[in-house]
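Notes follow the structure.
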Amino acid sequence: MPSTLTRRRLLIVPLLTLAAAGGWRLWRDESPQIGGPFTLTDGAGKSVTDADFRGRFLLVYFGYTFCPDVCPTALGKLSSVLDRLDKAQLDRLAVVFISVDPQRDHGTRLAEYGHVFHPIITGLTGTREQIDAVAKAYGARYQFAGDTSRDDYAIDHTSVVYVMDPEGRFMTQFTHNATPEAMLSKLQAVLK
Ligand code: NI
């Protein structure tokens, strides 16, 4: 079983390679080509589409529940920001955690993972085709690292919170290194 350190190395090196290859170009705020229709499944097995979120702002994050540090860090930071919004603001907002790991993330595990960080974070996943379609639409990337026939494989993935407006259009995004203060300020600006 790989140590946490080994997993971190597995995680970081391919991401740096992606960055060097220009894979992050979609991270720029000015890109209008992010988002689109999706059909996924929640932890209860219910089909969920982008249309279910019309009328609310939607935050979208891609990851997987067994992630050793990137997802917990990103979702922990996001939850600290959500905690500083008032109820009226939270009522106009939904958050989806899209797992790229349906092999391990389904049922109760998928349903409860997001809630550990904040009650409004809903876990979704889908078939590989559905996941690849939504990841491509958002410009999110992931890559399996390790033997997926074992239960301890890692997945390298981009770590971005995409902010969509109530009509499902891209507004902005928060990169992994965005500060909670910057995130809060942007969210309060759009939710006011
Ligand atoms: Ni992760």
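By convention here, the chains of the structure tokens are called A, B, ... in the order presented, each chain's residues are numbered starting at 1, and ligands are numbered starting at 1 in the order presented.
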Show me which residues sit within 6 Å of ligand 1 when counting only C-alpha atoms and all ligand atoms, and put them as number ranges by chain. A: 63-64, 67, 70-71
Surrounding residues of A:Val60 excluding itself and chain neighbours under 6 positions, 9 Å, only C-alpha atoms, as number ranges by chain: A: 94-98, 138, 160-164
So that I can check the secondary structure, give me every residue of stretch 63-175 of chain A assigned strand (DSSP E) by backbone DSSP, as a PyMOL selection string. chain A and resi 63+93-99+121-125+142-145+154-157+160-164+170-175
Selection export as a tab-separated table (two decimals), in the first residue's frame, atoms kept: N, CA and C atoms:
```tsv
chain	number	residue	atom	x	y	z
A	63	GLY	N	-13.74	15.52	-8.37
A	63	GLY	CA	-12.76	14.86	-7.51
A	63	GLY	C	-13.18	13.43	-7.24
A	93	LEU	N	-28.06	28.96	-3.80
A	93	LEU	CA	-26.83	28.32	-4.22
A	93	LEU	C	-26.92	26.80	-4.07
A	94	ALA	N	-26.35	26.08	-5.03
A	94	ALA	CA	-26.21	24.63	-4.91
A	94	ALA	C	-24.76	24.30	-5.22
A	95	VAL	N	-24.27	23.21	-4.66
A	95	VAL	CA	-22.89	22.79	-4.89
A	95	VAL	C	-22.91	21.30	-5.26
A	96	VAL	N	-22.26	20.95	-6.35
A	96	VAL	CA	-22.14	19.52	-6.68
A	96	VAL	C	-20.67	19.10	-6.70
A	97	PHE	N	-20.45	17.97	-6.06
A	97	PHE	CA	-19.14	17.31	-6.07
A	97	PHE	C	-19.29	16.15	-7.05
A	98	ILE	N	-18.64	16.25	-8.19
A	98	ILE	CA	-18.77	15.20	-9.21
A	98	ILE	C	-17.61	14.23	-9.07
A	99	SER	N	-17.91	13.02	-8.64
A	99	SER	CA	-16.86	12.02	-8.49
A	99	SER	C	-16.54	11.40	-9.84
A	121	ILE	N	-23.57	20.50	-0.16
A	121	ILE	CA	-22.72	19.84	-1.18
A	121	ILE	C	-23.29	18.46	-1.49
A	122	THR	N	-23.73	18.29	-2.74
A	122	THR	CA	-24.33	17.03	-3.19
A	122	THR	C	-23.32	16.23	-4.02
A	123	GLY	N	-23.17	14.97	-3.70
A	123	GLY	CA	-22.29	14.10	-4.47
A	123	GLY	C	-23.00	13.52	-5.68
A	124	LEU	N	-22.35	13.59	-6.82
A	124	LEU	CA	-22.89	13.01	-8.06
A	124	LEU	C	-21.80	12.20	-8.73
A	125	THR	N	-22.21	11.21	-9.50
A	125	THR	CA	-21.27	10.50	-10.37
A	125	THR	C	-22.08	9.97	-11.55
A	142	TYR	N	-8.68	14.40	-15.43
A	142	TYR	CA	-8.30	13.43	-14.40
A	142	TYR	C	-7.56	12.29	-15.07
A	143	GLN	N	-6.81	11.58	-14.26
A	143	GLN	CA	-6.01	10.48	-14.78
A	143	GLN	C	-5.79	9.47	-13.67
A	144	PHE	N	-6.12	8.22	-13.91
A	144	PHE	CA	-5.91	7.19	-12.90
A	144	PHE	C	-4.43	6.97	-12.68
A	145	ALA	N	-4.04	6.83	-11.40
A	145	ALA	CA	-2.64	6.58	-11.04
A	145	ALA	C	-2.64	5.33	-10.17
A	154	ALA	N	-4.99	5.89	-6.74
A	154	ALA	CA	-5.21	7.33	-6.67
A	154	ALA	C	-5.66	7.83	-8.04
A	155	ILE	N	-6.19	9.03	-8.06
A	155	ILE	CA	-6.58	9.66	-9.32
A	155	ILE	C	-6.07	11.09	-9.30
A	156	ASP	N	-5.21	11.40	-10.25
A	156	ASP	CA	-4.75	12.79	-10.38
A	156	ASP	C	-5.88	13.58	-11.01
A	157	HIS	N	-6.14	14.77	-10.49
A	157	HIS	CA	-7.23	15.54	-11.10
A	157	HIS	C	-7.04	17.02	-10.89
A	160	VAL	N	-10.67	22.65	-9.32
A	160	VAL	CA	-11.25	23.96	-9.65
A	160	VAL	C	-12.72	23.98	-9.21
A	161	VAL	N	-13.14	25.08	-8.62
A	161	VAL	CA	-14.57	25.27	-8.33
A	161	VAL	C	-15.12	26.18	-9.44
A	162	TYR	N	-16.02	25.63	-10.24
A	162	TYR	CA	-16.64	26.39	-11.32
A	162	TYR	C	-17.91	27.04	-10.79
A	163	VAL	N	-18.10	28.31	-11.13
A	163	VAL	CA	-19.28	29.05	-10.68
A	163	VAL	C	-20.19	29.30	-11.87
A	164	MET	N	-21.39	28.73	-11.81
A	164	MET	CA	-22.36	28.86	-12.90
A	164	MET	C	-23.53	29.72	-12.43
A	170	PHE	N	-21.49	29.81	-17.42
A	170	PHE	CA	-20.25	30.00	-16.66
A	170	PHE	C	-20.09	31.45	-16.24
A	171	MET	N	-19.73	31.67	-14.98
A	171	MET	CA	-19.45	33.02	-14.49
A	171	MET	C	-17.98	33.21	-14.17
A	172	THR	N	-17.47	32.35	-13.33
A	172	THR	CA	-16.06	32.47	-12.94
A	172	THR	C	-15.64	31.13	-12.34
A	173	GLN	N	-14.40	31.05	-11.90
A	173	GLN	CA	-13.93	29.82	-11.28
A	173	GLN	C	-12.87	30.15	-10.24
A	174	PHE	N	-12.74	29.26	-9.27
A	174	PHE	CA	-11.74	29.42	-8.23
A	174	PHE	C	-10.72	28.30	-8.40
A	175	THR	N	-9.48	28.67	-8.58
A	175	THR	CA	-8.44	27.66	-8.69
A	175	THR	C	-8.12	27.11	-7.30
```
DSSP alpha helix (DSSP H) selection over stretch 78-183 of chain A, as a PDB file with N, CA, C and O atoms, in the first residue's frame:
```
ATOM      1  N   LEU A  78     -13.752  25.455   0.731  1.00  0.00           N
ATOM      2  CA  LEU A  78     -15.061  25.880   0.235  1.00  0.00           C
ATOM      3  C   LEU A  78     -16.089  25.916   1.365  1.00  0.00           C
ATOM      4  O   LEU A  78     -16.891  26.850   1.462  1.00  0.00           O
ATOM      5  N   SER A  79     -16.052  24.918   2.234  1.00  0.00           N
ATOM      6  CA  SER A  79     -17.045  24.890   3.317  1.00  0.00           C
ATOM      7  C   SER A  79     -16.847  26.064   4.265  1.00  0.00           C
ATOM      8  O   SER A  79     -17.814  26.621   4.790  1.00  0.00           O
ATOM      9  N   SER A  80     -15.592  26.465   4.457  1.00  0.00           N
ATOM     10  CA  SER A  80     -15.339  27.613   5.335  1.00  0.00           C
ATOM     11  C   SER A  80     -15.907  28.893   4.723  1.00  0.00           C
ATOM     12  O   SER A  80     -16.318  29.811   5.439  1.00  0.00           O
ATOM     13  N   VAL A  81     -15.937  28.933   3.386  1.00  0.00           N
ATOM     14  CA  VAL A  81     -16.530  30.084   2.696  1.00  0.00           C
ATOM     15  C   VAL A  81     -18.059  30.013   2.794  1.00  0.00           C
ATOM     16  O   VAL A  81     -18.724  31.009   3.096  1.00  0.00           O
ATOM     17  N   LEU A  82     -18.609  28.831   2.558  1.00  0.00           N
ATOM     18  CA  LEU A  82     -20.067  28.670   2.619  1.00  0.00           C
ATOM     19  C   LEU A  82     -20.598  29.004   4.007  1.00  0.00           C
ATOM     20  O   LEU A  82     -21.689  29.551   4.159  1.00  0.00           O
ATOM     21  N   LYS A  87     -28.290  32.669   5.239  1.00  0.00           N
ATOM     22  CA  LYS A  87     -29.249  31.679   4.767  1.00  0.00           C
ATOM     23  C   LYS A  87     -29.850  32.071   3.424  1.00  0.00           C
ATOM     24  O   LYS A  87     -30.045  31.225   2.542  1.00  0.00           O
ATOM     25  N   ALA A  88     -30.145  33.359   3.250  1.00  0.00           N
ATOM     26  CA  ALA A  88     -30.730  33.815   1.984  1.00  0.00           C
ATOM     27  C   ALA A  88     -29.770  33.548   0.820  1.00  0.00           C
ATOM     28  O   ALA A  88     -30.189  33.160  -0.277  1.00  0.00           O
ATOM     29  N   GLN A  89     -28.492  33.739   1.075  1.00  0.00           N
ATOM     30  CA  GLN A  89     -27.488  33.481   0.029  1.00  0.00           C
ATOM     31  C   GLN A  89     -27.376  31.979  -0.241  1.00  0.00           C
ATOM     32  O   GLN A  89     -27.326  31.552  -1.398  1.00  0.00           O
ATOM     33  N   LEU A  90     -27.353  31.199   0.816  1.00  0.00           N
ATOM     34  CA  LEU A  90     -27.245  29.739   0.638  1.00  0.00           C
ATOM     35  C   LEU A  90     -28.457  29.169  -0.092  1.00  0.00           C
ATOM     36  O   LEU A  90     -28.330  28.199  -0.844  1.00  0.00           O
ATOM     37  N   ASP A  91     -29.621  29.797   0.115  1.00  0.00           N
ATOM     38  CA  ASP A  91     -30.836  29.309  -0.554  1.00  0.00           C
ATOM     39  C   ASP A  91     -30.765  29.487  -2.063  1.00  0.00           C
ATOM     40  O   ASP A  91     -31.504  28.830  -2.806  1.00  0.00           O
ATOM     41  N   GLY A 107     -23.737   5.207  -3.748  1.00  0.00           N
ATOM     42  CA  GLY A 107     -24.544   4.924  -2.560  1.00  0.00           C
ATOM     43  C   GLY A 107     -24.274   5.892  -1.420  1.00  0.00           C
ATOM     44  O   GLY A 107     -24.039   7.075  -1.625  1.00  0.00           O
ATOM     45  N   THR A 108     -24.291   5.361  -0.216  1.00  0.00           N
ATOM     46  CA  THR A 108     -24.152   6.172   0.984  1.00  0.00           C
ATOM     47  C   THR A 108     -22.840   6.941   1.013  1.00  0.00           C
ATOM     48  O   THR A 108     -22.793   8.099   1.422  1.00  0.00           O
ATOM     49  N   ARG A 109     -21.780   6.289   0.565  1.00  0.00           N
ATOM     50  CA  ARG A 109     -20.479   6.961   0.584  1.00  0.00           C
ATOM     51  C   ARG A 109     -20.525   8.246  -0.233  1.00  0.00           C
ATOM     52  O   ARG A 109     -20.081   9.307   0.197  1.00  0.00           O
ATOM     53  N   LEU A 110     -21.083   8.144  -1.449  1.00  0.00           N
ATOM     54  CA  LEU A 110     -21.188   9.313  -2.323  1.00  0.00           C
ATOM     55  C   LEU A 110     -22.152  10.338  -1.726  1.00  0.00           C
ATOM     56  O   LEU A 110     -21.893  11.543  -1.753  1.00  0.00           O
ATOM     57  N   ALA A 111     -23.253   9.857  -1.190  1.00  0.00           N
ATOM     58  CA  ALA A 111     -24.266  10.767  -0.642  1.00  0.00           C
ATOM     59  C   ALA A 111     -23.730  11.546   0.556  1.00  0.00           C
ATOM     60  O   ALA A 111     -24.054  12.719   0.733  1.00  0.00           O
ATOM     61  N   GLU A 112     -22.913  10.904   1.382  1.00  0.00           N
ATOM     62  CA  GLU A 112     -22.513  11.532   2.642  1.00  0.00           C
ATOM     63  C   GLU A 112     -21.215  12.324   2.564  1.00  0.00           C
ATOM     64  O   GLU A 112     -20.974  13.193   3.392  1.00  0.00           O
ATOM     65  N   TYR A 113     -20.393  12.027   1.568  1.00  0.00           N
ATOM     66  CA  TYR A 113     -19.071  12.672   1.522  1.00  0.00           C
ATOM     67  C   TYR A 113     -19.186  14.203   1.491  1.00  0.00           C
ATOM     68  O   TYR A 113     -18.552  14.895   2.287  1.00  0.00           O
ATOM     69  N   GLY A 114     -19.981  14.722   0.577  1.00  0.00           N
ATOM     70  CA  GLY A 114     -20.129  16.178   0.472  1.00  0.00           C
ATOM     71  C   GLY A 114     -20.688  16.788   1.745  1.00  0.00           C
ATOM     72  O   GLY A 114     -20.259  17.861   2.175  1.00  0.00           O
ATOM     73  N   HIS A 115     -21.623  16.072   2.355  1.00  0.00           N
ATOM     74  CA  HIS A 115     -22.277  16.595   3.555  1.00  0.00           C
ATOM     75  C   HIS A 115     -21.319  16.700   4.738  1.00  0.00           C
ATOM     76  O   HIS A 115     -21.556  17.476   5.662  1.00  0.00           O
ATOM     77  N   VAL A 116     -20.266  15.910   4.710  1.00  0.00           N
ATOM     78  CA  VAL A 116     -19.263  16.016   5.762  1.00  0.00           C
ATOM     79  C   VAL A 116     -18.672  17.430   5.763  1.00  0.00           C
ATOM     80  O   VAL A 116     -18.371  17.996   6.811  1.00  0.00           O
ATOM     81  N   PHE A 117     -18.566  17.998   4.564  1.00  0.00           N
ATOM     82  CA  PHE A 117     -17.971  19.335   4.449  1.00  0.00           C
ATOM     83  C   PHE A 117     -19.019  20.431   4.610  1.00  0.00           C
ATOM     84  O   PHE A 117     -18.792  21.439   5.258  1.00  0.00           O
ATOM     85  N   ARG A 128     -18.858   6.073 -17.001  1.00  0.00           N
ATOM     86  CA  ARG A 128     -17.620   6.692 -17.491  1.00  0.00           C
ATOM     87  C   ARG A 128     -17.919   7.679 -18.618  1.00  0.00           C
ATOM     88  O   ARG A 128     -17.326   8.748 -18.706  1.00  0.00           O
ATOM     89  N   GLU A 129     -18.859   7.334 -19.480  1.00  0.00           N
ATOM     90  CA  GLU A 129     -19.203   8.213 -20.603  1.00  0.00           C
ATOM     91  C   GLU A 129     -19.813   9.524 -20.091  1.00  0.00           C
ATOM     92  O   GLU A 129     -19.503  10.604 -20.598  1.00  0.00           O
ATOM     93  N   GLN A 130     -20.691   9.418 -19.098  1.00  0.00           N
ATOM     94  CA  GLN A 130     -21.313  10.631 -18.543  1.00  0.00           C
ATOM     95  C   GLN A 130     -20.284  11.512 -17.850  1.00  0.00           C
ATOM     96  O   GLN A 130     -20.299  12.733 -17.976  1.00  0.00           O
ATOM     97  N   ILE A 131     -19.384  10.874 -17.116  1.00  0.00           N
ATOM     98  CA  ILE A 131     -18.339  11.626 -16.409  1.00  0.00           C
ATOM     99  C   ILE A 131     -17.415  12.309 -17.407  1.00  0.00           C
ATOM    100  O   ILE A 131     -17.080  13.486 -17.267  1.00  0.00           O
ATOM    101  N   ASP A 132     -17.013  11.566 -18.428  1.00  0.00           N
ATOM    102  CA  ASP A 132     -16.098  12.151 -19.416  1.00  0.00           C
ATOM    103  C   ASP A 132     -16.764  13.304 -20.163  1.00  0.00           C
ATOM    104  O   ASP A 132     -16.114  14.298 -20.496  1.00  0.00           O
ATOM    105  N   ALA A 133     -18.054  13.191 -20.411  1.00  0.00           N
ATOM    106  CA  ALA A 133     -18.766  14.262 -21.122  1.00  0.00           C
ATOM    107  C   ALA A 133     -18.805  15.530 -20.272  1.00  0.00           C
ATOM    108  O   ALA A 133     -18.526  16.631 -20.769  1.00  0.00           O
ATOM    109  N   VAL A 134     -19.133  15.393 -18.995  1.00  0.00           N
ATOM    110  CA  VAL A 134     -19.236  16.596 -18.163  1.00  0.00           C
ATOM    111  C   VAL A 134     -17.842  17.159 -17.855  1.00  0.00           C
ATOM    112  O   VAL A 134     -17.646  18.381 -17.822  1.00  0.00           O
ATOM    113  N   ALA A 135     -16.865  16.277 -17.670  1.00  0.00           N
ATOM    114  CA  ALA A 135     -15.490  16.759 -17.422  1.00  0.00           C
ATOM    115  C   ALA A 135     -14.989  17.542 -18.634  1.00  0.00           C
ATOM    116  O   ALA A 135     -14.394  18.612 -18.499  1.00  0.00           O
ATOM    117  N   LYS A 136     -15.266  17.024 -19.810  1.00  0.00           N
ATOM    118  CA  LYS A 136     -14.827  17.717 -21.033  1.00  0.00           C
ATOM    119  C   LYS A 136     -15.525  19.070 -21.153  1.00  0.00           C
ATOM    120  O   LYS A 136     -14.908  20.077 -21.496  1.00  0.00           O
ATOM    121  N   ALA A 137     -16.820  19.099 -20.853  1.00  0.00           N
ATOM    122  CA  ALA A 137     -17.578  20.347 -20.964  1.00  0.00           C
ATOM    123  C   ALA A 137     -17.018  21.425 -20.035  1.00  0.00           C
ATOM    124  O   ALA A 137     -17.007  22.602 -20.377  1.00  0.00           O
ATOM    125  N   TYR A 138     -16.537  21.004 -18.873  1.00  0.00           N
ATOM    126  CA  TYR A 138     -16.013  21.962 -17.900  1.00  0.00           C
ATOM    127  C   TYR A 138     -14.504  22.175 -18.032  1.00  0.00           C
ATOM    128  O   TYR A 138     -13.945  23.021 -17.342  1.00  0.00           O
ATOM    129  N   PRO A 180      -9.729  31.916   0.619  1.00  0.00           N
ATOM    130  CA  PRO A 180     -11.124  31.954   1.061  1.00  0.00           C
ATOM    131  C   PRO A 180     -11.711  33.368   0.965  1.00  0.00           C
ATOM    132  O   PRO A 180     -12.875  33.531   0.619  1.00  0.00           O
ATOM    133  N   GLU A 181     -10.887  34.367   1.247  1.00  0.00           N
ATOM    134  CA  GLU A 181     -11.362  35.744   1.201  1.00  0.00           C
ATOM    135  C   GLU A 181     -11.777  36.129  -0.213  1.00  0.00           C
ATOM    136  O   GLU A 181     -12.817  36.756  -0.431  1.00  0.00           O
ATOM    137  N   ALA A 182     -10.960  35.749  -1.199  1.00  0.00           N
ATOM    138  CA  ALA A 182     -11.279  36.060  -2.600  1.00  0.00           C
ATOM    139  C   ALA A 182     -12.537  35.317  -3.032  1.00  0.00           C
ATOM    140  O   ALA A 182     -13.397  35.871  -3.734  1.00  0.00           O
ATOM    141  N   MET A 183     -12.655  34.063  -2.609  1.00  0.00           N
ATOM    142  CA  MET A 183     -13.834  33.278  -2.974  1.00  0.00           C
ATOM    143  C   MET A 183     -15.091  33.881  -2.359  1.00  0.00           C
ATOM    144  O   MET A 183     -16.121  34.035  -3.015  1.00  0.00           O
TER     145      MET A 183
END
```
Counting only C-alpha atoms, which residue out of A:Glu167, A:Leu75, A:Ala189, A:Ile120 sits closest to A:Asp50?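 Once distances to A:Asp50 are computed over only C-alpha atoms, the minimum belongs to A:Glu167.
Comparing A:Gly168, A:Gly146, A:Pro119, A:Pro102 by their smallest distance to A:Gly43, the closest is A:Pro102 (using only C-alpha atoms).
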Counting only C-alpha atoms, figure out which residue out of A:Gly35, A:Gly76, A:Gly126, A:Gly139 gets nearest to A:Leu58.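 Residue with the minimum atom-to-atom distance to A:Leu58: A:Gly35.
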